[in-house]
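Reproduced below: run.pdb, with PDB, N, CA and C atoms.
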ATOM      1  N   MET A 192      22.821  -8.895 -26.577
ATOM      2  CA  MET A 192      22.007  -9.745 -25.724
ATOM      3  C   MET A 192      22.074  -9.290 -24.260
ATOM      4  N   LYS A 193      23.277  -8.923 -23.786
ATOM      5  CA  LYS A 193      23.423  -8.463 -22.407
ATOM      6  C   LYS A 193      22.662  -7.165 -22.184
ATOM      7  N   LEU A 194      22.679  -6.304 -23.181
ATOM      8  CA  LEU A 194      21.982  -5.026 -23.075
ATOM      9  C   LEU A 194      20.474  -5.244 -22.916
ATOM     10  N   PHE A 195      19.932  -6.165 -23.692
ATOM     11  CA  PHE A 195      18.509  -6.471 -23.603
ATOM     12  C   PHE A 195      18.170  -7.063 -22.236
ATOM     13  N   LYS A 196      19.023  -7.945 -21.750
ATOM     14  CA  LYS A 196      18.783  -8.578 -20.452
ATOM     15  C   LYS A 196      18.817  -7.522 -19.340
ATOM     16  N   ARG A 197      19.777  -6.605 -19.399
ATOM     17  CA  ARG A 197      19.875  -5.545 -18.399
ATOM     18  C   ARG A 197      18.652  -4.624 -18.464
ATOM     19  N   TRP A 198      18.201  -4.331 -19.674
ATOM     20  CA  TRP A 198      17.021  -3.497 -19.857
ATOM     21  C   TRP A 198      15.792  -4.170 -19.244
ATOM     22  N   MET A 199      15.656  -5.469 -19.474
ATOM     23  CA  MET A 199      14.520  -6.219 -18.914
ATOM     24  C   MET A 199      14.579  -6.230 -17.385
ATOM     25  N   GLN A 200      15.773  -6.381 -16.828
ATOM     26  CA  GLN A 200      15.903  -6.375 -15.366
ATOM     27  C   GLN A 200      15.496  -5.022 -14.796
ATOM     28  N   ARG A 201      15.920  -3.944 -15.439
ATOM     29  CA  ARG A 201      15.540  -2.610 -14.970
ATOM     30  C   ARG A 201      14.036  -2.397 -15.110
ATOM     31  N   LYS A 202      13.467  -2.904 -16.187
ATOM     32  CA  LYS A 202      12.026  -2.781 -16.397
ATOM     33  C   LYS A 202      11.274  -3.519 -15.285
ATOM     34  N   GLU A 203      11.731  -4.706 -14.955
ATOM     35  CA  GLU A 203      11.093  -5.477 -13.878
ATOM     36  C   GLU A 203      11.217  -4.752 -12.548
ATOM     37  N   LEU A 204      12.379  -4.154 -12.284
ATOM     38  CA  LEU A 204      12.570  -3.410 -11.041
ATOM     39  C   LEU A 204      11.646  -2.193 -10.979
ATOM     40  N   ARG A 205      11.490  -1.505 -12.100
ATOM     41  CA  ARG A 205      10.589  -0.347 -12.135
ATOM     42  C   ARG A 205       9.157  -0.782 -11.859
ATOM     43  N   GLU A 206       8.755  -1.914 -12.424
ATOM     44  CA  GLU A 206       7.403  -2.417 -12.191
ATOM     45  C   GLU A 206       7.202  -2.804 -10.728
ATOM     46  N   LEU A 207       8.209  -3.450 -10.131
ATOM     47  CA  LEU A 207       8.115  -3.803  -8.718
ATOM     48  C   LEU A 207       8.028  -2.539  -7.860
ATOM     49  N   GLN A 208       8.833  -1.533  -8.211
ATOM     50  CA  GLN A 208       8.819  -0.284  -7.459
ATOM     51  C   GLN A 208       7.454   0.397  -7.567
ATOM     52  N   LEU A 209       6.867   0.381  -8.744
ATOM     53  CA  LEU A 209       5.534   0.968  -8.919
ATOM     54  C   LEU A 209       4.496   0.243  -8.069
ATOM     55  N   ARG A 210       4.590  -1.067  -8.024
ATOM     56  CA  ARG A 210       3.628  -1.835  -7.243
ATOM     57  C   ARG A 210       3.771  -1.548  -5.750
ATOM     58  N   ILE A 211       5.020  -1.480  -5.261
ATOM     59  CA  ILE A 211       5.220  -1.204  -3.837
ATOM     60  C   ILE A 211       4.807   0.225  -3.524
ATOM     61  N   ASP A 212       5.075   1.161  -4.446
ATOM     62  CA  ASP A 212       4.659   2.550  -4.253
ATOM     63  C   ASP A 212       3.138   2.660  -4.194
ATOM     64  N   HIS A 213       2.462   1.860  -4.995
ATOM     65  CA  HIS A 213       0.999   1.871  -4.988
ATOM     66  C   HIS A 213       0.468   1.387  -3.642
ATOM     67  N   CYS A 214       1.053   0.334  -3.109
ATOM     68  CA  CYS A 214       0.629  -0.162  -1.796
ATOM     69  C   CYS A 214       0.860   0.913  -0.739
ATOM     70  N   ARG A 215       2.024   1.536  -0.771
ATOM     71  CA  ARG A 215       2.348   2.563   0.220
ATOM     72  C   ARG A 215       1.389   3.750   0.113
ATOM     73  N   SER A 216       1.094   4.206  -1.106
ATOM     74  CA  SER A 216       0.189   5.351  -1.247
ATOM     75  C   SER A 216      -1.229   4.991  -0.805
ATOM     76  N   THR A 217      -1.639   3.760  -1.038
ATOM     77  CA  THR A 217      -2.959   3.315  -0.582
ATOM     78  C   THR A 217      -3.027   3.368   0.938
ATOM     79  N   ILE A 218      -1.996   2.867   1.579
ATOM     80  CA  ILE A 218      -1.958   2.864   3.046
ATOM     81  C   ILE A 218      -1.905   4.296   3.579
ATOM     82  N   GLU A 219      -1.160   5.169   2.919
ATOM     83  CA  GLU A 219      -1.105   6.575   3.330
ATOM     84  C   GLU A 219      -2.478   7.233   3.236
ATOM     85  N   GLU A 220      -3.214   6.953   2.164
ATOM     86  CA  GLU A 220      -4.554   7.534   2.002
ATOM     87  C   GLU A 220      -5.495   7.060   3.096
ATOM     88  N   VAL A 221      -5.444   5.769   3.406
ATOM     89  CA  VAL A 221      -6.297   5.233   4.469
ATOM     90  C   VAL A 221      -5.910   5.878   5.800
ATOM     91  N   HIS A 222      -4.614   5.996   6.043
ATOM     92  CA  HIS A 222      -4.131   6.591   7.280
ATOM     93  C   HIS A 222      -4.624   8.027   7.424
ATOM     94  N   LYS A 223      -4.503   8.829   6.372
ATOM     95  CA  LYS A 223      -4.967  10.220   6.412
ATOM     96  C   LYS A 223      -6.466  10.285   6.707
ATOM     97  N   ALA A 224      -7.221   9.427   6.060
ATOM     98  CA  ALA A 224      -8.671   9.419   6.278
ATOM     99  C   ALA A 224      -9.002   9.036   7.712
ATOM    100  N   LEU A 225      -8.267   8.098   8.261
ATOM    101  CA  LEU A 225      -8.519   7.684   9.636
ATOM    102  C   LEU A 225      -8.159   8.789  10.619
ATOM    103  N   LEU A 226      -7.097   9.531  10.320
ATOM    104  CA  LEU A 226      -6.718  10.623  11.211
ATOM    105  C   LEU A 226      -7.806  11.690  11.273
ATOM    106  N   MET A 227      -8.535  11.870  10.166
ATOM    107  CA  MET A 227      -9.644  12.830  10.168
ATOM    108  C   MET A 227     -10.766  12.363  11.081
ATOM    109  N   ASP A 228     -10.875  11.040  11.240
ATOM    110  CA  ASP A 228     -11.891  10.486  12.135
ATOM    111  C   ASP A 228     -11.356  10.312  13.556
ATOM    112  N   GLU A 229     -10.167  10.824  13.811
ATOM    113  CA  GLU A 229      -9.550  10.774  15.134
ATOM    114  C   GLU A 229      -9.474   9.346  15.676
ATOM    115  N   VAL A 230      -8.635   8.543  15.055
ATOM    116  CA  VAL A 230      -8.448   7.168  15.503
ATOM    117  C   VAL A 230      -7.605   7.139  16.769
ATOM    118  N   GLN A 231      -7.598   5.996  17.392
ATOM    119  CA  GLN A 231      -6.795   5.814  18.590
ATOM    120  C   GLN A 231      -5.313   5.979  18.246
ATOM    121  N   PRO A 232      -4.531   6.549  19.142
ATOM    122  CA  PRO A 232      -3.101   6.785  18.879
ATOM    123  C   PRO A 232      -2.338   5.506  18.506
ATOM    124  N   GLU A 233      -2.734   4.378  19.081
ATOM    125  CA  GLU A 233      -2.044   3.116  18.778
ATOM    126  C   GLU A 233      -2.209   2.736  17.304
ATOM    127  N   ILE A 234      -3.411   2.963  16.777
ATOM    128  CA  ILE A 234      -3.671   2.636  15.375
ATOM    129  C   ILE A 234      -2.882   3.568  14.470
ATOM    130  N   ALA A 235      -2.864   4.856  14.806
ATOM    131  CA  ALA A 235      -2.087   5.818  14.016
ATOM    132  C   ALA A 235      -0.609   5.446  14.029
ATOM    133  N   GLN A 236      -0.095   5.028  15.182
ATOM    134  CA  GLN A 236       1.318   4.625  15.290
ATOM    135  C   GLN A 236       1.596   3.392  14.438
ATOM    136  N   GLN A 237       0.690   2.442  14.407
ATOM    137  CA  GLN A 237       0.879   1.246  13.583
ATOM    138  C   GLN A 237       0.922   1.614  12.107
ATOM    139  N   PHE A 238       0.082   2.547  11.690
ATOM    140  CA  PHE A 238       0.103   2.989  10.296
ATOM    141  C   PHE A 238       1.428   3.676   9.968
ATOM    142  N   ARG A 239       1.923   4.505  10.890
ATOM    143  CA  ARG A 239       3.211   5.165  10.639
ATOM    144  C   ARG A 239       4.329   4.137  10.486
ATOM    145  N   ARG A 240       4.304   3.105  11.326
ATOM    146  CA  ARG A 240       5.327   2.053  11.216
ATOM    147  C   ARG A 240       5.197   1.285   9.909
ATOM    148  N   LEU A 241       3.959   1.012   9.505
ATOM    149  CA  LEU A 241       3.725   0.305   8.246
ATOM    150  C   LEU A 241       4.217   1.125   7.060
ATOM    151  N   GLU A 242       3.902   2.410   7.055
ATOM    152  CA  GLU A 242       4.368   3.293   5.982
ATOM    153  C   GLU A 242       5.896   3.347   5.950
ATOM    154  N   ALA A 243       6.514   3.449   7.128
ATOM    155  CA  ALA A 243       7.979   3.504   7.203
ATOM    156  C   ALA A 243       8.595   2.197   6.699
ATOM    157  N   ALA A 244       7.992   1.084   7.070
ATOM    158  CA  ALA A 244       8.516  -0.216   6.629
ATOM    159  C   ALA A 244       8.444  -0.342   5.106
ATOM    160  N   LEU A 245       7.337   0.075   4.523
ATOM    161  CA  LEU A 245       7.219   0.007   3.066
ATOM    162  C   LEU A 245       8.198   0.959   2.389
ATOM    163  N   GLY A 246       8.521   2.048   3.048
ATOM    164  CA  GLY A 246       9.500   2.980   2.503
ATOM    165  C   GLY A 246      10.914   2.420   2.519
ATOM    166  N   GLN A 247      11.163   1.435   3.376
ATOM    167  CA  GLN A 247      12.484   0.830   3.500
ATOM    168  C   GLN A 247      12.684  -0.385   2.591
ATOM    169  N   VAL A 248      11.627  -0.809   1.905
ATOM    170  CA  VAL A 248      11.720  -2.006   1.065
ATOM    171  C   VAL A 248      12.677  -1.756  -0.091
ATOM    172  N   ASP A 249      13.618  -2.659  -0.258
ATOM    173  CA  ASP A 249      14.582  -2.598  -1.358
ATOM    174  C   ASP A 249      14.082  -3.521  -2.465
ATOM    175  N   VAL A 250      13.573  -2.930  -3.548
ATOM    176  CA  VAL A 250      12.977  -3.740  -4.606
ATOM    177  C   VAL A 250      13.993  -4.647  -5.288
ATOM    178  N   THR A 251      15.278  -4.323  -5.173
ATOM    179  CA  THR A 251      16.282  -5.208  -5.786
ATOM    180  C   THR A 251      16.374  -6.532  -5.035
ATOM    181  N   GLN A 252      15.904  -6.550  -3.781
ATOM    182  CA  GLN A 252      15.925  -7.770  -2.971
ATOM    183  C   GLN A 252      14.556  -8.424  -2.868
ATOM    184  N   LEU A 253      13.600  -7.873  -3.608
ATOM    185  CA  LEU A 253      12.211  -8.305  -3.508
ATOM    186  C   LEU A 253      11.838  -9.165  -4.703
ATOM    187  N   GLY A 254      11.186 -10.263  -4.450
ATOM    188  CA  GLY A 254      10.700 -11.115  -5.525
ATOM    189  C   GLY A 254       9.218 -10.905  -5.747
ATOM    190  N   ASN A 255       8.713 -11.464  -6.822
ATOM    191  CA  ASN A 255       7.291 -11.345  -7.133
ATOM    192  C   ASN A 255       6.412 -11.904  -6.027
ATOM    193  N   ARG A 256       6.810 -13.050  -5.471
ATOM    194  CA  ARG A 256       6.004 -13.654  -4.395
ATOM    195  C   ARG A 256       5.962 -12.754  -3.170
ATOM    196  N   ASP A 257       7.099 -12.128  -2.862
ATOM    197  CA  ASP A 257       7.131 -11.210  -1.721
ATOM    198  C   ASP A 257       6.179 -10.045  -1.945
ATOM    199  N   LEU A 258       6.236  -9.497  -3.130
ATOM    200  CA  LEU A 258       5.378  -8.351  -3.434
ATOM    201  C   LEU A 258       3.908  -8.757  -3.470
ATOM    202  N   GLU A 259       3.633  -9.947  -3.958
ATOM    203  CA  GLU A 259       2.245 -10.427  -3.954
ATOM    204  C   GLU A 259       1.724 -10.519  -2.529
ATOM    205  N   LYS A 260       2.566 -10.913  -1.589
ATOM    206  CA  LYS A 260       2.150 -10.985  -0.184
ATOM    207  C   LYS A 260       1.857  -9.591   0.364
ATOM    208  N   ILE A 261       2.693  -8.615  -0.003
ATOM    209  CA  ILE A 261       2.456  -7.235   0.429
ATOM    210  C   ILE A 261       1.150  -6.719  -0.160
ATOM    211  N   GLU A 262       0.913  -7.005  -1.433
ATOM    212  CA  GLU A 262      -0.328  -6.572  -2.073
ATOM    213  C   GLU A 262      -1.543  -7.259  -1.452
ATOM    214  N   MET A 263      -1.409  -8.544  -1.128
ATOM    215  CA  MET A 263      -2.518  -9.252  -0.489
ATOM    216  C   MET A 263      -2.816  -8.654   0.883
ATOM    217  N   ALA A 264      -1.774  -8.299   1.632
ATOM    218  CA  ALA A 264      -1.969  -7.689   2.948
ATOM    219  C   ALA A 264      -2.641  -6.318   2.809
ATOM    220  N   THR A 265      -2.235  -5.557   1.792
ATOM    221  CA  THR A 265      -2.857  -4.248   1.549
ATOM    222  C   THR A 265      -4.327  -4.427   1.197
ATOM    223  N   ASN A 266      -4.626  -5.398   0.351
ATOM    224  CA  ASN A 266      -6.020  -5.671  -0.014
ATOM    225  C   ASN A 266      -6.833  -6.143   1.189
ATOM    226  N   LYS A 267      -6.214  -6.922   2.057
ATOM    227  CA  LYS A 267      -6.891  -7.383   3.275
ATOM    228  C   LYS A 267      -7.216  -6.188   4.161
ATOM    229  N   LEU A 268      -6.266  -5.268   4.282
ATOM    230  CA  LEU A 268      -6.501  -4.055   5.061
ATOM    231  C   LEU A 268      -7.680  -3.275   4.494
ATOM    232  N   LEU A 269      -7.700  -3.122   3.174
ATOM    233  CA  LEU A 269      -8.802  -2.401   2.534
ATOM    234  C   LEU A 269     -10.134  -3.107   2.745
ATOM    235  N   SER A 270     -10.132  -4.425   2.719
ATOM    236  CA  SER A 270     -11.394  -5.149   2.922
ATOM    237  C   SER A 270     -11.907  -4.966   4.350
ATOM    238  N   GLU A 271     -10.988  -4.861   5.313
ATOM    239  CA  GLU A 271     -11.403  -4.600   6.695
ATOM    240  C   GLU A 271     -12.078  -3.232   6.795
ATOM    241  N   PHE A 272     -11.518  -2.247   6.106
ATOM    242  CA  PHE A 272     -12.103  -0.917   6.144
ATOM    243  C   PHE A 272     -13.382  -0.854   5.333
ATOM    244  N   ARG A 273     -13.492  -1.662   4.310
ATOM    245  CA  ARG A 273     -14.733  -1.726   3.532
ATOM    246  C   ARG A 273     -15.871  -2.167   4.442
ATOM    247  N   SER A 274     -15.592  -3.137   5.285
ATOM    248  CA  SER A 274     -16.602  -3.619   6.218
ATOM    249  C   SER A 274     -17.041  -2.501   7.164
ATOM    250  N   LEU A 275     -16.081  -1.743   7.697
ATOM    251  CA  LEU A 275     -16.424  -0.619   8.581
ATOM    252  C   LEU A 275     -17.221   0.447   7.846
ATOM    253  N   TYR A 276     -16.868   0.686   6.589
ATOM    254  CA  TYR A 276     -17.567   1.682   5.787
ATOM    255  C   TYR A 276     -19.027   1.275   5.586
ATOM    256  N   HIS A 277     -19.252   0.015   5.260
ATOM    257  CA  HIS A 277     -20.616  -0.461   5.028
ATOM    258  C   HIS A 277     -21.449  -0.455   6.306
ATOM    259  N   GLN A 278     -20.788  -0.587   7.444
ATOM    260  CA  GLN A 278     -21.505  -0.536   8.724
ATOM    261  C   GLN A 278     -21.774   0.900   9.164
ATOM    262  N   GLY A 279     -21.248   1.870   8.400
ATOM    263  CA  GLY A 279     -21.442   3.277   8.741
ATOM    264  C   GLY A 279     -20.498   3.779   9.811
ATOM    265  N   LYS A 280     -19.484   2.987  10.145
ATOM    266  CA  LYS A 280     -18.530   3.388  11.181
ATOM    267  C   LYS A 280     -17.360   4.190  10.618
ATOM    268  N   LEU A 281     -17.306   4.313   9.310
ATOM    269  CA  LEU A 281     -16.219   5.034   8.657
ATOM    270  C   LEU A 281     -16.790   5.768   7.465
ATOM    271  N   ARG A 282     -16.382   7.018   7.314
ATOM    272  CA  ARG A 282     -16.896   7.759   6.167
ATOM    273  C   ARG A 282     -16.042   7.459   4.943
ATOM    274  N   ASN A 283     -16.482   7.926   3.790
ATOM    275  CA  ASN A 283     -15.800   7.672   2.527
ATOM    276  C   ASN A 283     -14.368   8.190   2.590
ATOM    277  N   ILE A 284     -13.427   7.371   2.184
ATOM    278  CA  ILE A 284     -12.009   7.723   2.232
ATOM    279  C   ILE A 284     -11.621   8.595   1.046
ATOM    280  N   HIS A 285     -12.182   8.316  -0.095
ATOM    281  CA  HIS A 285     -11.787   8.999  -1.322
ATOM    282  C   HIS A 285     -12.918   9.879  -1.816
ATOM    283  N   ASP A 286     -12.597  11.141  -2.127
ATOM    284  CA  ASP A 286     -13.622  12.071  -2.586
ATOM    285  C   ASP A 286     -13.853  12.010  -4.091
ATOM    286  N   GLY A 287     -13.015  11.291  -4.807
ATOM    287  CA  GLY A 287     -13.106  11.245  -6.260
ATOM    288  C   GLY A 287     -14.222  10.342  -6.749
ATOM    289  N   PRO A 288     -14.277  10.133  -8.063
ATOM    290  CA  PRO A 288     -15.328   9.288  -8.627
ATOM    291  C   PRO A 288     -15.203   7.836  -8.178
ATOM    292  N   VAL A 289     -16.325   7.195  -8.048
ATOM    293  CA  VAL A 289     -16.362   5.789  -7.652
ATOM    294  C   VAL A 289     -16.374   4.933  -8.912
ATOM    295  N   HIS A 290     -15.570   3.901  -8.913
ATOM    296  CA  HIS A 290     -15.478   3.014 -10.097
ATOM    297  C   HIS A 290     -16.426   1.855  -9.947
TER     298      HIS A 290
END
Could you spell out this file's structure in structure tokens?
Amino acid sequence: MKLFKRWMQRKELRELQLRIDHCRSTIEEVHKALLMDEVQPEIAQQFRRLEAALGQVDVTQLGNRDLEKIEMATNKLLSEFRSLYHQGKLRNIHDGPVH
């Protein structure tokens, strides 16, 4: 029984780590795309701090609600850029197929 419980805990930690890694990679992709458009240095610095902060997250201390907040913030960031994209102020971030 203890072995199963430990396995489940590790599985949950791996899932949390994957989710936080996904948020970080999304932010990195947006940051790279913005750098190609020569954003203001302050914005680039904020992205670097955000990426660094996500890199410091300890998933063993993170709960589902905490991660949901990080994911919601990442989605909010993407929605802000979606608006800029539709206004023609930002070019396509991803060169791959559109879903």
If DSSP is run on the backbone, what residues of segment 192-289 of chain A are helix (DSSP H, G or I)? A reply as a ChimeraX atom specification would be ideal.
/A:193-227,232-246,250-252,255-277
Given the file above and the PyMOL selection byres (((chain A and resi 220 and name CA) around 12) and name CA), which residues are selected, and can you give them as a PyMOL selection string?
chain A and resi 213-219+221-227+238-239+242+265+269+283-286
Would you mind reading off the distance between atom N of Arg256 of chain A and atom CA of Leu207 of chain A, one decimal, in Å?
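Pair atom N of Arg256 of chain A / atom CA of Leu207 of chain A returns 9.9 Å.
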What's the separation between atom CA of Asp249 of chain A and atom CA of Trp198 of chain A, in Å to one decimal place?
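Distance between the two atoms: 18.7 Å.
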Which one is closest to Ile211 of chain A: A:Ala243, A:Ile261, A:Lys267, A:Phe272? Count all atoms listed in the file.
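Among A:Ala243, A:Ile261, A:Lys267, A:Phe272, it is A:Ile261 that comes nearest to Ile211 of chain A.
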Quick check, in Å to one decimal: how far apart do atom C of Asp212 of chain A and atom N of Leu245 of chain A lie?
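Atom C of Asp212 of chain A sits 10.0 Å away from atom N of Leu245 of chain A.
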The PyMOL selection byres ((chain A and resi 251) around 8) applied to the shown file, residues as a list in words:
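This file, filtered by the PyMOL selection byres ((chain A and resi 251) around 8), leaves Leu204, Leu207, Gln208, Val248, Asp249, Val250, Gln252, Leu253 and Gly254 of chain A.
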With 3 Å added on each side, what axis-aligned box encloses every listed atom of segment 204-211 of chain A? Give the centre and edge lengths in Å to one decimal, as lines of an AutoDock Vina configuration file.
center_x = 8.1
center_y = -1.6
center_z = -8.0
size_x = 14.9
size_y = 11.1
size_z = 14.9
